[in-house]
Structures are given as structure tokens and as C-alpha cells.
$ cat structure-v1.cif   # mmCIF, C-alpha atoms and all ligand atoms
data_input
#
loop_
_atom_site.label_atom_id
_atom_site.label_comp_id
_atom_site.auth_asym_id
_atom_site.auth_seq_id
_atom_site.Cartn_x
_atom_site.Cartn_y
_atom_site.Cartn_z
CA MET A 1 -35.79 136.00 130.10
CA MET A 2 -37.42 136.08 126.73
CA THR A 3 -40.36 138.39 126.37
CA ILE A 4 -43.53 136.94 124.87
CA THR A 5 -42.92 138.92 121.69
CA GLU A 6 -39.41 137.49 121.30
CA GLN A 7 -40.63 133.99 121.93
CA ASN A 8 -43.46 134.49 119.46
CA LYS A 9 -41.01 135.64 116.80
CA ARG A 10 -38.92 132.53 117.29
CA THR A 11 -41.81 130.13 117.01
CA VAL A 12 -43.64 131.78 114.14
CA ALA A 13 -42.00 131.21 110.75
CA VAL A 14 -44.26 133.53 108.77
CA GLN A 15 -46.80 136.04 110.00
CA ALA A 16 -49.37 137.96 107.97
CA ARG A 17 -51.39 140.88 109.31
CA GLY A 18 -54.16 142.78 107.56
CA LEU A 19 -53.11 141.42 104.19
CA ARG A 20 -54.88 142.90 101.17
CA LYS A 21 -54.16 142.41 97.51
CA THR A 22 -56.10 144.08 94.73
CA TYR A 23 -55.48 143.43 91.05
CA GLY A 24 -56.47 145.95 88.39
CA ARG A 25 -58.38 149.20 88.76
CA GLY A 26 -61.87 150.52 88.46
CA GLU A 27 -64.33 148.19 86.80
CA THR A 28 -61.82 145.38 86.39
CA GLU A 29 -60.64 145.59 90.00
CA VAL A 30 -60.39 142.20 91.78
CA ALA A 31 -59.86 141.98 95.53
CA ALA A 32 -57.90 138.70 95.71
CA LEU A 33 -57.05 139.09 99.43
CA ARG A 34 -59.45 141.05 101.62
CA GLY A 35 -57.80 141.17 105.05
CA VAL A 36 -55.87 138.05 106.02
CA ASP A 37 -54.35 137.57 109.50
CA LEU A 38 -52.40 134.35 109.82
CA ASP A 39 -49.49 132.78 111.73
CA PHE A 40 -47.51 129.86 110.33
CA PRO A 41 -45.72 128.11 113.21
CA ALA A 42 -42.06 127.24 112.77
CA GLY A 43 -41.28 123.60 112.10
CA ARG A 44 -44.79 122.78 110.96
CA PHE A 45 -46.28 121.74 107.67
CA THR A 46 -49.31 123.88 106.75
CA ALA A 47 -51.53 123.48 103.71
CA ILE A 48 -53.54 126.35 102.22
CA MET A 49 -56.80 125.19 100.66
CA GLY A 50 -59.96 126.67 99.22
CA PRO A 51 -62.08 126.78 96.09
CA SER A 52 -60.56 127.91 92.80
CA GLY A 53 -60.19 131.70 92.78
CA SER A 54 -60.30 131.96 96.60
CA GLY A 55 -56.87 133.62 96.76
CA LYS A 56 -54.58 130.70 97.66
CA SER A 57 -51.91 131.39 95.03
CA THR A 58 -52.05 135.12 95.62
CA LEU A 59 -51.56 134.54 99.35
CA MET A 60 -48.59 132.23 98.74
CA HIS A 61 -46.97 134.58 96.25
CA CYS A 62 -47.28 137.48 98.68
CA LEU A 63 -45.99 135.44 101.65
CA ALA A 64 -42.99 134.30 99.60
CA GLY A 65 -42.12 137.81 98.48
CA LEU A 66 -42.89 137.00 94.83
CA ASP A 67 -45.69 139.54 94.63
CA SER A 68 -46.28 142.88 96.35
CA VAL A 69 -49.20 143.46 98.73
CA THR A 70 -51.71 146.29 98.49
CA ALA A 71 -51.89 146.66 102.29
CA GLY A 72 -50.76 144.85 105.43
CA THR A 73 -47.52 143.36 106.69
CA ILE A 74 -45.67 140.05 106.30
CA HIS A 75 -42.89 138.95 108.61
CA LEU A 76 -40.45 136.13 107.90
CA GLY A 77 -39.12 135.50 111.40
CA GLU A 78 -38.12 138.95 112.55
CA THR A 79 -37.76 140.41 109.06
CA GLU A 80 -40.58 142.50 107.68
CA LEU A 81 -40.79 141.38 104.05
CA THR A 82 -43.24 144.12 103.17
CA ALA A 83 -40.65 146.77 104.12
CA LEU A 84 -37.88 145.47 101.83
CA ASN A 85 -36.86 146.88 98.45
CA ASP A 86 -36.56 144.59 95.40
CA LYS A 87 -32.88 143.91 95.85
CA ALA A 88 -33.21 142.96 99.52
CA LEU A 89 -36.24 140.84 98.69
CA THR A 90 -34.36 138.94 95.98
CA GLN A 91 -31.54 138.25 98.41
CA LEU A 92 -33.94 137.17 101.14
CA ARG A 93 -35.71 134.76 98.76
CA ARG A 94 -32.36 133.29 97.76
CA ASP A 95 -30.99 132.95 101.28
CA ARG A 96 -34.01 132.16 103.42
CA ILE A 97 -36.79 130.70 101.30
CA GLY A 98 -37.04 127.41 99.42
CA PHE A 99 -39.48 126.78 96.57
CA VAL A 100 -41.04 123.63 95.18
CA PHE A 101 -43.32 124.39 92.24
CA GLN A 102 -45.65 122.22 90.19
CA ALA A 103 -43.14 122.40 87.33
CA PHE A 104 -39.93 120.95 88.72
CA ASN A 105 -37.78 123.79 87.32
CA LEU A 106 -34.60 121.72 87.16
CA VAL A 107 -31.75 122.72 84.85
CA PRO A 108 -31.88 120.00 82.13
CA THR A 109 -28.14 120.04 81.38
CA LEU A 110 -27.08 119.56 85.01
CA THR A 111 -27.00 116.33 87.02
CA ALA A 112 -29.34 115.86 89.98
CA GLU A 113 -26.43 116.62 92.31
CA ALA A 114 -25.53 119.85 90.50
CA ASN A 115 -29.19 120.90 90.49
CA ILE A 116 -29.44 120.31 94.24
CA THR A 117 -26.29 122.31 95.01
CA LEU A 118 -26.94 125.08 92.45
CA PRO A 119 -28.57 127.63 94.83
CA VAL A 120 -25.71 127.22 97.32
CA ALA A 121 -23.18 127.61 94.51
CA LEU A 122 -24.96 130.69 93.14
CA ALA A 123 -24.96 132.26 96.59
CA GLY A 124 -21.19 131.67 96.74
CA GLY A 125 -21.59 129.29 99.66
CA LYS A 126 -19.98 125.96 100.47
CA VAL A 127 -22.01 122.75 100.45
CA ASP A 128 -22.27 121.12 103.87
CA ALA A 129 -21.36 117.55 102.80
CA GLU A 130 -22.93 115.94 105.85
CA TRP A 131 -26.22 117.81 105.38
CA PHE A 132 -26.18 117.01 101.65
CA ALA A 133 -25.76 113.30 102.45
CA SER A 134 -28.51 113.42 105.04
CA VAL A 135 -30.98 115.21 102.75
CA THR A 136 -30.31 113.03 99.70
CA THR A 137 -30.46 109.83 101.78
CA THR A 138 -33.75 110.88 103.40
CA LEU A 139 -35.16 111.62 99.95
CA GLY A 140 -33.89 108.31 98.52
CA LEU A 141 -31.73 109.99 95.88
CA THR A 142 -28.26 108.61 96.58
CA ASP A 143 -28.16 106.38 93.49
CA ARG A 144 -29.67 109.06 91.22
CA LEU A 145 -27.24 111.91 91.84
CA LYS A 146 -25.25 111.48 88.59
CA HIS A 147 -28.40 111.38 86.45
CA LYS A 148 -29.73 114.29 84.42
CA PRO A 149 -33.41 115.27 84.92
CA HIS A 150 -34.58 113.52 81.70
CA GLU A 151 -33.18 110.26 83.08
CA LEU A 152 -35.37 110.54 86.19
CA SER A 153 -39.07 109.86 86.76
CA GLY A 154 -41.41 112.73 87.63
CA GLY A 155 -41.40 111.73 91.28
CA GLN A 156 -37.60 111.57 91.35
CA GLN A 157 -37.33 114.97 89.67
CA GLN A 158 -39.62 116.50 92.26
CA ARG A 159 -37.60 114.86 95.05
CA VAL A 160 -34.53 116.55 93.54
CA ALA A 161 -36.41 119.84 93.71
CA VAL A 162 -37.29 119.17 97.37
CA ALA A 163 -33.65 118.30 98.14
CA ARG A 164 -32.56 121.54 96.43
CA ALA A 165 -35.01 123.48 98.60
CA LEU A 166 -33.89 121.73 101.81
CA LEU A 167 -30.15 122.07 101.19
CA THR A 168 -29.99 125.78 102.00
CA ARG A 169 -31.84 125.13 105.31
CA PRO A 170 -34.36 127.83 104.46
CA ASP A 171 -36.56 129.43 107.12
CA VAL A 172 -39.52 128.18 105.15
CA ILE A 173 -40.27 126.09 102.05
CA PHE A 174 -43.20 127.14 99.88
CA GLY A 175 -44.86 124.48 97.76
CA ASP A 176 -47.25 125.45 94.95
CA GLU A 177 -49.21 122.31 93.98
CA PRO A 178 -45.93 120.38 94.31
CA THR A 179 -47.57 117.11 93.33
CA GLY A 180 -49.81 118.56 90.61
CA ASN A 181 -47.81 116.90 87.81
CA LEU A 182 -47.29 113.54 89.51
CA ASP A 183 -49.23 110.29 89.51
CA SER A 184 -50.73 109.43 92.90
CA ARG A 185 -47.94 107.03 93.92
CA SER A 186 -45.12 109.50 93.16
CA GLY A 187 -47.21 112.27 94.71
CA ALA A 188 -47.58 110.29 97.92
CA GLU A 189 -43.81 109.71 97.94
CA VAL A 190 -43.01 113.41 97.60
CA LEU A 191 -45.62 114.42 100.20
CA GLY A 192 -44.25 111.80 102.59
CA MET A 193 -40.79 113.32 102.11
CA LEU A 194 -42.09 116.83 102.79
CA ARG A 195 -43.79 115.61 105.96
CA ARG A 196 -40.64 113.84 107.03
CA SER A 197 -38.49 116.91 106.48
CA SER A 198 -40.86 118.84 108.69
CA ARG A 199 -41.05 116.19 111.46
CA GLU A 200 -37.41 115.08 111.40
CA MET A 201 -35.56 118.21 110.27
CA GLY A 202 -37.87 120.84 111.76
CA GLN A 203 -38.47 122.35 108.34
CA SER A 204 -41.32 124.89 108.14
CA ILE A 205 -43.45 124.21 105.06
CA ILE A 206 -46.36 126.12 103.52
CA MET A 207 -48.08 124.36 100.63
CA VAL A 208 -50.90 125.47 98.35
CA THR A 209 -53.01 122.61 97.03
CA HIS A 210 -56.52 121.86 95.84
CA ASP A 211 -56.10 118.14 96.60
CA PRO A 212 -57.58 116.96 99.94
CA VAL A 213 -55.30 113.90 99.95
CA ALA A 214 -52.21 116.12 99.55
CA ALA A 215 -53.49 118.41 102.31
CA SER A 216 -53.89 115.43 104.66
CA TYR A 217 -50.08 115.14 104.84
CA ALA A 218 -49.92 118.55 106.55
CA ASP A 219 -50.15 119.21 110.30
CA ARG A 220 -52.70 121.93 109.69
CA VAL A 221 -54.96 123.13 106.88
CA VAL A 222 -56.06 126.75 106.58
CA LEU A 223 -59.12 127.37 104.43
CA MET A 224 -59.57 130.38 102.18
CA ASN A 225 -62.76 131.55 100.54
CA ASP A 226 -63.29 134.73 98.56
CA GLY A 227 -60.04 136.33 99.74
CA VAL A 228 -60.47 135.72 103.47
CA LEU A 229 -59.58 132.99 105.91
CA VAL A 230 -62.70 130.98 106.76
CA GLY A 231 -61.41 128.19 108.96
CA GLU A 232 -58.66 125.78 109.84
CA LEU A 233 -58.21 122.11 110.64
CA ASP A 234 -55.58 120.47 112.82
CA HIS A 235 -54.49 116.91 111.99
CA PRO A 236 -56.48 116.96 108.76
CA THR A 237 -57.61 113.83 106.96
CA ALA A 238 -58.79 113.73 103.35
CA GLU A 239 -62.33 113.23 104.72
CA THR A 240 -62.35 116.20 107.11
CA VAL A 241 -60.79 118.41 104.42
CA LEU A 242 -63.41 117.34 101.86
CA ALA A 243 -66.21 117.97 104.36
CA SER A 244 -64.86 121.48 105.12
CA LEU A 245 -64.57 122.30 101.42
CA ALA A 246 -68.08 120.98 100.80
CA SER A 247 -69.41 123.30 103.50
CA LEU A 248 -67.94 126.20 101.50
CA GLY A 249 -69.86 125.03 98.47
CA ALA A 250 -66.61 124.22 96.69
P1 LIG A 301 -56.60 130.43 93.76
O1 LIG A 301 -55.14 130.20 93.84
O2 LIG A 301 -57.32 130.13 95.06
O3 LIG A 301 -57.26 129.74 92.60
P2 LIG A 301 -55.86 133.11 92.97
O4 LIG A 301 -55.05 133.65 94.06
O5 LIG A 301 -55.16 132.60 91.77
O6 LIG A 301 -56.86 131.99 93.55
O7 LIG A 301 -56.90 134.21 92.46
C1 LIG A 301 -57.71 135.00 93.34
C2 LIG A 301 -58.49 136.02 92.52
O8 LIG A 301 -57.59 137.00 91.98
C3 LIG A 301 -59.24 135.44 91.34
O9 LIG A 301 -60.44 136.13 91.17
C4 LIG A 301 -58.28 135.68 90.19
O10 LIG A 301 -59.01 135.79 88.97
C5 LIG A 301 -57.66 137.00 90.58
N1 LIG A 301 -56.27 137.15 90.06
C6 LIG A 301 -55.21 136.35 90.35
N2 LIG A 301 -54.08 136.79 89.74
C7 LIG A 301 -54.45 137.88 89.02
C8 LIG A 301 -53.75 138.79 88.15
N3 LIG A 301 -52.45 138.66 87.92
N4 LIG A 301 -54.47 139.79 87.59
C9 LIG A 301 -55.79 139.94 87.82
N5 LIG A 301 -56.49 139.13 88.63
C10 LIG A 301 -55.85 138.11 89.22
#
$ encode --input "structure-v1.cif" --output "C-alpha cells"
Amino acid sequence: MMTITEQNKRTVAVQARGLRKTYGRGETEVAALRGVDLDFPAGRFTAIMGPSGSGKSTLMHCLAGLDSVTAGTIHLGETELTALNDKALTQLRRDRIGFVFQAFNLVPTLTAEANITLPVALAGGKVDAEWFASVTTTLGLTDRLKHKPHELSGGQQQRVAVARALLTRPDVIFGDEPTGNLDSRSGAEVLGMLRRSSREMGQSIIMVTHDPVAASYADRVVLMNDGVLVGELDHPTAETVLASLASLGA
């Protein structure tokens, strides 16, 4: 029989406990995170929201192992991220985490297909052809695979970035304003794809956004203010998210 702790570890993709992050020292010291406890369930799509300067990006960067914490622990599944050295962290990011940033970060000289398979190739792995076909079909990219990024629209480029993130079957995908550079129609397309990959492929997704419409694609919204968690919403809509932000004076 599984103990509760074991079961918890299997169903929680990312866990943060007592997270603190301070930038600078003395008079210029800024407490960006002031004690955050948070579980991100596996297979779910969570959005992190809050006013500008509330600590959203800092939280995401710490959770993704891109920035160190001042205090507290972060677990990715059973692995304690906060206990790893730089080398182990780099490897963990490569093998177990997917990223979709506001800037698409595609290699301009490579085709869409080569961009999507690049992380697998760099890790010395073999591309699972069936999974590749499934991901690129779901993302509507099958007739764009031979194109270079400059031959694709913004929405298509970001779908390539999502496909690249999905291909390694990461434990979690982090999105940092993934639709920030897209018009609303392309943004809706990409967000719909992210939601689908969570619902249909069981992909865990954590996305930072300031856009209530983008957040409404998530299963859950967690709200930050002044470096702490101040609330959460299940089944968010743009209206309930806006109302929650308004109550924070955002
Ligand atoms: P958000 O993403 O919600 O806008 P951030 O996480 O970017 O918030 O910032 C939280 C706080 O930490 C802000 O007061 C910001 O000015 C500060 N901060 C963020 N990054 C740095 C940094 N590299 N050096 C100093 N202060 C920072």
C-alpha cells in the first residue's frame, strides 16, 4: 500500500515550502518572496497572477531552478531542487522541465522540426516518432515543420516552442507570459493548446501571466501580492480573476 506521503509525491508536480527570496542587501534589500507555501498538482494547468512587482516572476524562476532561493525548499516530484548543485540543476532543467517564454527563443537557422527536436538531440536522446507526430498534430504544425521561424507567424512560432517543450515529456512546463507577444487570436490558440496538452496529455503546467483572459484557460489561479500568496481560484473566468485582482487594489 502506498503511504499518504508517497501518494502525495506522485500527485504533486511541484511543491514549495517556506519560500523566501531577498534581492540586494541593507538599504536596497527587497523581499520578493516572503514565505510561500504552495502545491502544484500533477496534470493540472495553474496560473500565477498578481499585481506588478508582487513576486510572480521571482516565484516562477525559483520553482524552475533558474534562480536560487534565500530560504525554504522546492520539490519537483521527489527531487529536492533546493538541495542540488549547479550541474545537477542544469541537468534536471534539461531533462525534466519544459519552458515557454514570452520571446519564442527558436533557433532562426533551424526548421520548426529541428527546433522541436533540438532538446532531445542535445540530451543525446532518440525522438519518439509517434509522440512527435501526436504533439505536432495536436498543435496543428504538421504542414509547417519544414519552415524556418521567420516563415511562421508569431502564433505558429509559439506553438513550435510549446511542441519543443512537450516533446521531452517534462514533469512540468513553465510558461512566462507565453502569449505576451501575440495578438489575441494567436494567443487564444496557444492557450487552447496548452490547456489541451494538460487535459489530454496529462501535462503539468505552471504559467505566469498578468492577463485575466490568459489565466481563465487554467484549471486554477493562485494570487500573489507583496511576496505572499493571498488567494486562489478554481475554474477561473476572466471575470472572477479580474474581481480578485481588483480586491487587491491591482
Ligand atoms: P512580478 O513578476 O510580479 O512583477 P517580480 O518577481 O519581478 O514581480 O518582482 C518582485 C520584487 O522583486 C519587485 O519589487 C522587484 O523590483 C524585485 N526584483 C525582482 N528581480 C530583482 C532583481 N534581480 N534585483 C533586485 N530586485 C528584484
$ residues_around --input "structure-v1.cif" --residues "A:Thr111" --least-positions-apart "4" --cutoff "6 Å" --atoms "all atoms listed in the file" --output "mmCIF file with C-alpha atoms, in the coordinates of the input"
data_model
loop_
_atom_site.group_PDB
_atom_site.id
_atom_site.type_symbol
_atom_site.label_atom_id
_atom_site.label_comp_id
_atom_site.auth_asym_id
_atom_site.auth_seq_id
_atom_site.Cartn_x
_atom_site.Cartn_y
_atom_site.Cartn_z
ATOM 1 C CA LYS A 146 -25.250 111.480 88.590
ATOM 2 C CA HIS A 147 -28.400 111.380 86.450
ATOM 3 C CA LYS A 148 -29.730 114.290 84.420
#
$ residues_near_ligand --input "structure-v1.cif" --ligand "ligand LIG 301 (chain A)" --cutoff "10 Å" --atoms "all atoms listed in the file" --output "NGL selection string"
:A and (21-25 or 28-33 or 48-62 or 67 or 176-177 or 208-210 or 223-227)
$ residues_around --input "structure-v1.cif" --residues "stretch 236-238 of chain A" --least-positions-apart "5" --cutoff "7 Å" --atoms "all atoms listed in the file" --output "MDAnalysis selection string"
chainID A and resid 212:213 216 219:221
$ atom_distance --input "structure-v1.cif" --atom1 "atom CA of A:Leu182" --atom2 "atom CA of A:Gly140"
17.0 Å
$ atom_distance --input "structure-v1.cif" --atom1 "atom CA of A:Gly175" --atom2 "atom CA of A:Leu191"
10.4 Å
